[in-house]
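K.L.:
protein.txt is reproduced below (compact mmCIF, C-alpha atoms).
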```txt
# COMPACT_ATOMS: atom_id res chain seq x y z
CA MET A 1 226.12 189.62 142.72
CA LEU A 2 223.22 191.58 141.28
CA ASP A 3 220.45 191.00 143.81
CA ASP A 4 217.15 192.89 144.09
CA GLY A 5 218.65 195.95 142.44
CA LYS A 6 219.30 194.07 139.19
CA ASN A 7 216.66 195.94 137.18
CA HIS A 8 217.88 199.32 138.45
CA VAL A 9 221.48 198.42 137.60
CA LYS A 10 220.36 197.32 134.13
CA GLU A 11 218.72 200.72 133.55
CA VAL A 12 221.84 202.57 134.69
CA ILE A 13 224.04 200.45 132.45
CA GLU A 14 221.78 201.06 129.45
CA CYS A 15 221.91 204.80 130.10
CA VAL A 16 225.71 204.80 130.16
CA LEU A 17 225.96 202.60 127.09
CA SER A 18 223.72 204.85 125.01
CA ASP A 19 225.55 207.34 122.80
CA GLU A 20 222.58 209.52 121.91
CA GLY A 21 220.31 208.97 124.89
CA GLU A 22 218.72 205.90 123.25
CA HIS A 23 218.61 202.83 125.43
CA ASP A 24 218.40 200.17 122.72
CA CYS A 25 221.70 198.48 121.97
CA PRO A 26 222.37 196.39 118.84
CA GLU A 27 221.89 192.65 119.25
CA THR A 28 225.08 190.66 119.76
CA ASP A 29 224.22 188.44 116.76
CA ASN A 30 223.67 191.40 114.41
CA LYS A 31 224.44 190.24 110.86
CA ASN A 32 225.69 193.67 109.87
CA GLU A 33 229.46 193.37 110.18
CA ASP A 34 229.77 197.14 110.60
CA LYS A 35 227.90 196.89 113.90
CA TRP A 36 228.82 194.53 116.68
CA ASN A 37 229.01 194.28 120.46
CA LEU A 38 231.88 193.43 122.74
CA VAL A 39 230.53 191.53 125.73
CA ILE A 40 232.31 192.38 128.98
CA GLU A 41 231.57 190.45 132.15
CA THR A 42 232.73 191.59 135.58
CA LYS A 43 233.74 189.40 138.50
CA ASP A 44 230.27 189.67 140.04
CA GLY A 45 228.45 188.53 136.90
CA ALA A 46 227.30 191.88 135.46
CA ILE A 47 227.15 191.86 131.65
CA PHE A 48 227.97 194.91 129.54
CA ASN A 49 227.31 194.96 125.79
CA ILE A 50 229.72 197.56 124.43
CA PRO A 51 228.59 198.75 120.98
CA PHE A 52 230.98 199.24 118.06
CA GLU A 53 230.17 200.62 114.61
CA SER A 54 232.59 200.99 111.74
CA GLY A 55 233.50 204.60 111.02
CA LYS A 56 231.56 206.00 113.97
CA LYS A 57 232.54 207.16 117.42
CA THR A 58 230.83 204.84 119.88
CA LEU A 59 231.36 203.76 123.45
CA GLY A 60 233.41 200.89 122.03
CA SER A 61 235.74 203.20 120.12
CA LYS A 62 236.15 205.33 123.26
CA LEU A 63 236.98 202.17 125.21
CA VAL A 64 239.88 201.18 122.96
CA GLU A 65 241.08 204.78 122.62
CA SER A 66 241.29 205.14 126.39
CA SER A 67 242.91 201.78 127.16
CA PRO A 68 245.83 200.23 125.24
CA VAL A 69 245.05 196.96 127.04
CA PHE A 70 241.55 196.68 125.59
CA GLU A 71 242.90 197.84 122.23
CA ARG A 72 245.46 195.00 122.16
CA MET A 73 242.75 192.48 123.00
CA LEU A 74 240.81 193.46 119.88
CA ILE A 75 243.69 194.07 117.48
CA ASN A 76 245.95 191.10 118.20
CA PRO A 77 244.90 187.50 117.49
CA MET A 78 243.71 186.90 121.03
CA ARG A 79 240.80 184.91 122.40
CA GLU A 80 238.89 188.11 123.21
CA LYS A 81 239.07 189.23 119.57
CA PHE A 82 237.59 186.01 118.17
CA GLU A 83 234.95 185.48 120.87
CA LYS A 84 234.13 189.20 121.20
CA LYS A 85 233.99 188.68 124.94
CA VAL A 86 236.15 189.82 127.85
CA ILE A 87 235.90 188.55 131.41
CA LEU A 88 237.26 190.91 134.06
CA HIS A 89 238.03 188.52 136.89
CA ASP A 90 239.20 191.21 139.30
CA VAL A 91 236.85 194.13 138.54
CA HIS A 92 233.55 194.86 140.31
CA PHE A 93 230.65 196.05 138.16
CA GLU A 94 230.42 199.35 140.11
CA ILE A 95 234.01 200.18 139.20
CA PHE A 96 233.60 199.25 135.55
CA LEU A 97 230.36 201.23 135.37
CA LYS A 98 232.14 204.31 136.76
CA PHE A 99 234.88 203.77 134.17
CA LEU A 100 232.33 203.70 131.33
CA ASN A 101 230.71 206.83 132.74
CA PHE A 102 234.13 208.48 132.75
CA ILE A 103 234.99 207.72 129.13
CA GLN A 104 231.45 208.45 127.93
CA PHE A 105 230.71 211.68 129.82
CA GLY A 106 234.00 212.68 131.45
CA GLN A 107 232.47 212.34 134.93
CA LEU A 108 234.01 210.59 137.91
CA ASN A 109 232.37 210.59 141.33
CA PHE A 110 233.13 208.55 144.42
CA SER A 111 230.69 207.98 147.26
CA LYS A 112 232.97 205.73 149.29
CA GLU A 113 236.69 205.82 149.97
CA PHE A 114 237.40 202.25 148.87
CA GLU A 115 236.02 203.05 145.39
CA VAL A 116 238.86 205.52 144.82
CA TYR A 117 241.52 202.89 145.47
CA TYR A 118 239.79 200.23 143.35
CA MET A 119 239.43 202.69 140.49
CA TYR A 120 243.07 203.73 140.78
CA GLU A 121 244.19 200.09 140.61
CA PHE A 122 241.88 199.45 137.63
CA ALA A 123 243.18 202.51 135.78
CA ASP A 124 246.79 201.41 136.20
CA GLU A 125 246.13 197.78 135.24
CA TYR A 126 244.32 198.80 132.04
CA GLN A 127 246.64 201.75 131.36
CA VAL A 128 243.98 204.46 131.38
CA SER A 129 246.33 207.33 132.22
CA ASP A 130 243.79 210.15 132.51
CA LEU A 131 241.55 208.00 134.73
CA MET A 132 244.52 207.15 136.92
CA ARG A 133 245.31 210.82 137.39
CA ALA A 134 241.65 211.65 138.09
CA SER A 135 241.56 208.84 140.67
CA ALA A 136 244.70 210.23 142.30
CA ASP A 137 242.95 213.60 142.55
CA GLY A 138 239.98 211.77 144.05
CA MET A 139 242.18 210.74 146.97
CA ARG A 140 242.70 214.34 148.10
CA PRO A 141 239.67 214.40 150.46
CA TYR A 142 240.94 211.20 152.12
CA MET A 143 244.49 212.41 152.79
CA THR A 144 244.96 212.46 156.54
CA MET A 145 247.93 211.78 158.80
CA GLN A 146 246.45 208.35 159.55
CA ASN A 147 245.75 207.52 155.88
CA ASN A 148 248.71 209.14 154.20
CA GLU A 149 251.07 206.20 154.60
CA ARG A 150 248.70 203.93 152.66
CA ILE A 151 248.35 206.44 149.82
CA GLU A 152 252.09 207.02 149.72
CA MET A 153 252.60 203.24 149.43
CA LEU A 154 250.20 203.19 146.45
CA ALA A 155 252.24 205.91 144.77
CA TYR A 156 255.42 203.90 145.36
CA LEU A 157 253.98 200.58 144.15
CA HIS A 158 252.64 202.16 140.96
CA SER A 159 255.68 204.41 140.36
CA ASP A 160 253.28 207.35 140.28
CA SER A 161 255.16 210.62 140.63
CA TYR A 162 251.93 212.64 140.39
CA LEU A 163 250.32 210.91 143.38
CA LYS A 164 253.62 211.10 145.28
CA GLY A 165 253.60 214.86 144.62
CA LEU A 166 250.09 215.13 146.08
CA VAL A 167 251.21 213.25 149.18
CA ASP A 168 254.27 215.47 149.59
CA PHE A 169 252.13 218.58 149.14
CA PHE A 170 249.78 217.36 151.86
CA LYS A 171 252.73 216.68 154.17
CA ASN A 172 254.13 220.16 153.60
CA GLN A 173 250.73 221.76 154.17
CA ASP A 174 250.32 219.78 157.35
CA SER A 175 253.80 220.79 158.52
CA VAL A 176 253.05 224.44 157.84
CA GLN A 177 249.77 224.16 159.71
CA ASN A 178 251.47 222.49 162.67
CA PHE A 179 254.17 225.16 162.66
CA SER A 180 251.52 227.89 162.52
CA ASN A 181 249.64 226.29 165.40
CA ALA A 182 252.85 226.06 167.42
CA GLU A 183 253.58 229.74 166.79
CA GLU A 184 250.08 230.68 167.93
CA MET A 185 250.55 228.68 171.11
CA ASP A 186 253.91 230.40 171.75
CA ASP A 187 252.30 233.81 171.24
CA GLU A 188 249.52 232.96 173.67
CA GLU A 189 252.05 231.77 176.26
CA GLU A 190 254.05 234.98 175.87
CA MET A 191 250.93 237.09 176.36
CA ASP A 192 250.08 235.12 179.48
CA MET A 193 253.59 235.70 180.84
CA GLU A 194 253.37 239.43 180.12
CA CYS A 195 250.05 239.63 181.93
CA ASP A 196 251.54 237.81 184.91
CA SER A 197 254.61 240.08 185.05
CA SER A 198 252.50 243.25 184.94
CA PHE A 199 250.39 242.20 187.91
CA ASP A 200 250.88 244.51 190.87
CA PHE A 201 251.01 242.33 193.96
CA TYR A 202 250.54 245.32 196.32
CA GLN A 203 247.31 246.57 194.76
```
Represent the supplied structure as structure tokens.
P.N.:
Amino acid sequence: MLDDGKNHVKEVIECVLSDEGEHDCPETDNKNEDKWNLVIETKDGAIFNIPFESGKKTLGSKLVESSPVFERMLINPMREKFEKKVILHDVHFEIFLKFLNFIQFGQLNFSKEFEVYYMYEFADEYQVSDLMRASADGMRPYMTMQNNERIEMLAYLHSDSYLKGLVDFFKNQDSVQNFSNAEEMDDEEEMDMECDSSFDFYQ
């Protein structure tokens, strides 16, 4: 839910929705058929008015270009097309806001690990291929021996060869590092043995 930070969230949303740095969006009941809004509501009740304008590149046009799922909603005779409203029952507003920021400005930043996995799932569900790949790259800092099994399972469940390749690369790097560390330990042990053998007991 949007609690005390509601006004701040509203300002952030308006900033992302603006195409030219202007924060005023067209009204949803605009009589000009060339301009209209798609209302998108997330599972926690955040409302996004996504602007469309005939013949112009807007956040709305970027939305349908990036996601075949949203495109089908607005092209086919579906409920979303007639009501001009989409309810995302399984998407948090933070994730959708990051998605809009990605398609608007090409930026994707994660402050918490769980955000990466939520975004990855969102990108696959709505078929945003470049976002899915960027989210896979966002998992790199979180690849550890303890966490790798979970990420590898994600790659398997989503049939994602790119993410699987990242996991395999991490495994190989880790194996090389372990091998290098083992070699260093062997070298140190050999040096210790040489020092012991050269010790003159009768000195």
K.L.:
One decimal, in Å: what's the spacing between atom CA of A:His89 and atom CA of A:Lys57?
P.N.:
27.5 Å
K.L.:
Just the number, please: distance in Å from atom CA of A:Phe170 to atom CA of A:Phe99, one decimal.
P.N.:
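Between these atoms lies a distance of 26.8 Å.
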K.L.:
Quick check, in Å to one decimal: how far apart do atom CA of A:Asn148 and atom CA of A:Val167 lie?
P.N.:
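Atom CA of A:Asn148 sits 7.0 Å away from atom CA of A:Val167.
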K.L.:
A:Glu149, A:Ile95, A:Val69, A:Gln104: which is nearest A:Asp168, counting only C-alpha atoms?
P.N.:
A:Glu149
K.L.:
Nearest to A:Glu71 among A:Lys43, A:Gly106, A:Ser111, A:Tyr126, with distances taken over only C-alpha atoms: which residue is it?
P.N.:
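Smallest distance to A:Glu71 is found for A:Tyr126.
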K.L.:
Using only C-alpha atoms, which residue out of A:Met145, A:Ile87, A:Val128, A:Ile151 lies closest to A:Val64?
P.N.:
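Residue with the minimum atom-to-atom distance to A:Val64: A:Val128.
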K.L.:
With a distance cut-off of 9 Å and all atoms listed in the file, select the neighbouring residues of stretch 130-142 of chain A, excluding the residue or stretch itself and same-chain residues fewer than 6 positions from it, and output the selection as a list in words.
P.N.:
Ser66, Phe99, Phe102, Ile103, Leu108, Asn109, Phe110, Glu113, Val116, Tyr117, Met119, Tyr120, Glu121, Phe122, Ala123, Asp124, Asn148, Ile151, Tyr162, Leu163, Leu166, Val167 and Phe170 of chain A
K.L.:
When distances are computed from only C-alpha atoms, which of A:Ser159, A:Leu154, A:Phe82, A:Met143 shows the smallest separation from A:Tyr118?
P.N.:
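Comparing A:Ser159, A:Leu154, A:Phe82, A:Met143 against A:Tyr118, the winner is A:Leu154.
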K.L.:
If I only have part of stretch 84-100 of chain A, can you fill in N, CA, C and O atoms and write it as an mmCIF file, in the frame of the given file?
P.N.:
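Output file part_29.cif is given in full below:
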```cif
data_model
loop_
_atom_site.group_PDB
_atom_site.id
_atom_site.type_symbol
_atom_site.label_atom_id
_atom_site.label_comp_id
_atom_site.auth_asym_id
_atom_site.auth_seq_id
_atom_site.Cartn_x
_atom_site.Cartn_y
_atom_site.Cartn_z
ATOM 1 N N LYS A 84 234.788 187.909 120.916
ATOM 2 C CA LYS A 84 234.130 189.200 121.200
ATOM 3 C C LYS A 84 233.567 189.225 122.627
ATOM 4 O O LYS A 84 232.467 189.699 122.882
ATOM 5 N N LYS A 85 234.382 188.700 123.527
ATOM 6 C CA LYS A 85 233.990 188.680 124.940
ATOM 7 C C LYS A 85 235.216 188.803 125.832
ATOM 8 O O LYS A 85 236.250 188.196 125.562
ATOM 9 N N VAL A 86 235.079 189.624 126.879
ATOM 10 C CA VAL A 86 236.150 189.820 127.850
ATOM 11 C C VAL A 86 235.590 189.576 129.237
ATOM 12 O O VAL A 86 234.525 190.090 129.587
ATOM 13 N N ILE A 87 236.297 188.776 130.015
ATOM 14 C CA ILE A 87 235.900 188.550 131.410
ATOM 15 C C ILE A 87 236.908 189.251 132.315
ATOM 16 O O ILE A 87 238.109 188.965 132.266
ATOM 17 N N LEU A 88 236.416 190.164 133.125
ATOM 18 C CA LEU A 88 237.260 190.910 134.060
ATOM 19 C C LEU A 88 237.166 190.219 135.426
ATOM 20 O O LEU A 88 236.253 190.486 136.205
ATOM 21 N N HIS A 89 238.110 189.354 135.700
ATOM 22 C CA HIS A 89 238.030 188.520 136.890
ATOM 23 C C HIS A 89 238.263 189.295 138.186
ATOM 24 O O HIS A 89 237.917 188.805 139.264
ATOM 25 N N ASP A 90 238.848 190.472 138.090
ATOM 26 C CA ASP A 90 239.200 191.210 139.300
ATOM 27 C C ASP A 90 238.547 192.598 139.368
ATOM 28 O O ASP A 90 238.999 193.467 140.112
ATOM 29 N N VAL A 91 237.490 192.803 138.589
ATOM 30 C CA VAL A 91 236.850 194.130 138.540
ATOM 31 C C VAL A 91 235.377 194.019 138.918
ATOM 32 O O VAL A 91 234.628 193.250 138.315
ATOM 33 N N HIS A 92 234.959 194.805 139.924
ATOM 34 C CA HIS A 92 233.550 194.860 140.310
ATOM 35 C C HIS A 92 232.754 195.679 139.301
ATOM 36 O O HIS A 92 233.278 196.609 138.681
ATOM 37 N N PHE A 93 231.463 195.358 139.158
ATOM 38 C CA PHE A 93 230.650 196.050 138.160
ATOM 39 C C PHE A 93 230.534 197.538 138.466
ATOM 40 O O PHE A 93 230.476 198.366 137.553
ATOM 41 N N GLU A 94 230.520 197.922 139.771
ATOM 42 C CA GLU A 94 230.420 199.350 140.110
ATOM 43 C C GLU A 94 231.612 200.128 139.576
ATOM 44 O O GLU A 94 231.463 201.247 139.094
ATOM 45 N N ILE A 95 232.792 199.518 139.668
ATOM 46 C CA ILE A 95 234.010 200.180 139.200
ATOM 47 C C ILE A 95 234.006 200.287 137.683
ATOM 48 O O ILE A 95 234.341 201.341 137.121
ATOM 49 N N PHE A 96 233.620 199.200 137.010
ATOM 50 C CA PHE A 96 233.600 199.250 135.550
ATOM 51 C C PHE A 96 232.542 200.227 135.053
ATOM 52 O O PHE A 96 232.743 200.920 134.045
ATOM 53 N N LEU A 97 231.414 200.291 135.748
ATOM 54 C CA LEU A 97 230.360 201.230 135.370
ATOM 55 C C LEU A 97 230.841 202.665 135.510
ATOM 56 O O LEU A 97 230.574 203.513 134.646
ATOM 57 N N LYS A 98 231.580 202.960 136.582
ATOM 58 C CA LYS A 98 232.140 204.310 136.760
ATOM 59 C C LYS A 98 233.160 204.615 135.659
ATOM 60 O O LYS A 98 233.264 205.746 135.188
ATOM 61 N N PHE A 99 233.913 203.594 135.263
ATOM 62 C CA PHE A 99 234.880 203.770 134.170
ATOM 63 C C PHE A 99 234.172 204.124 132.871
ATOM 64 O O PHE A 99 234.577 205.049 132.166
ATOM 65 N N LEU A 100 233.087 203.398 132.545
ATOM 66 C CA LEU A 100 232.330 203.700 131.330
ATOM 67 C C LEU A 100 231.739 205.107 131.395
ATOM 68 O O LEU A 100 231.735 205.836 130.397
#
```
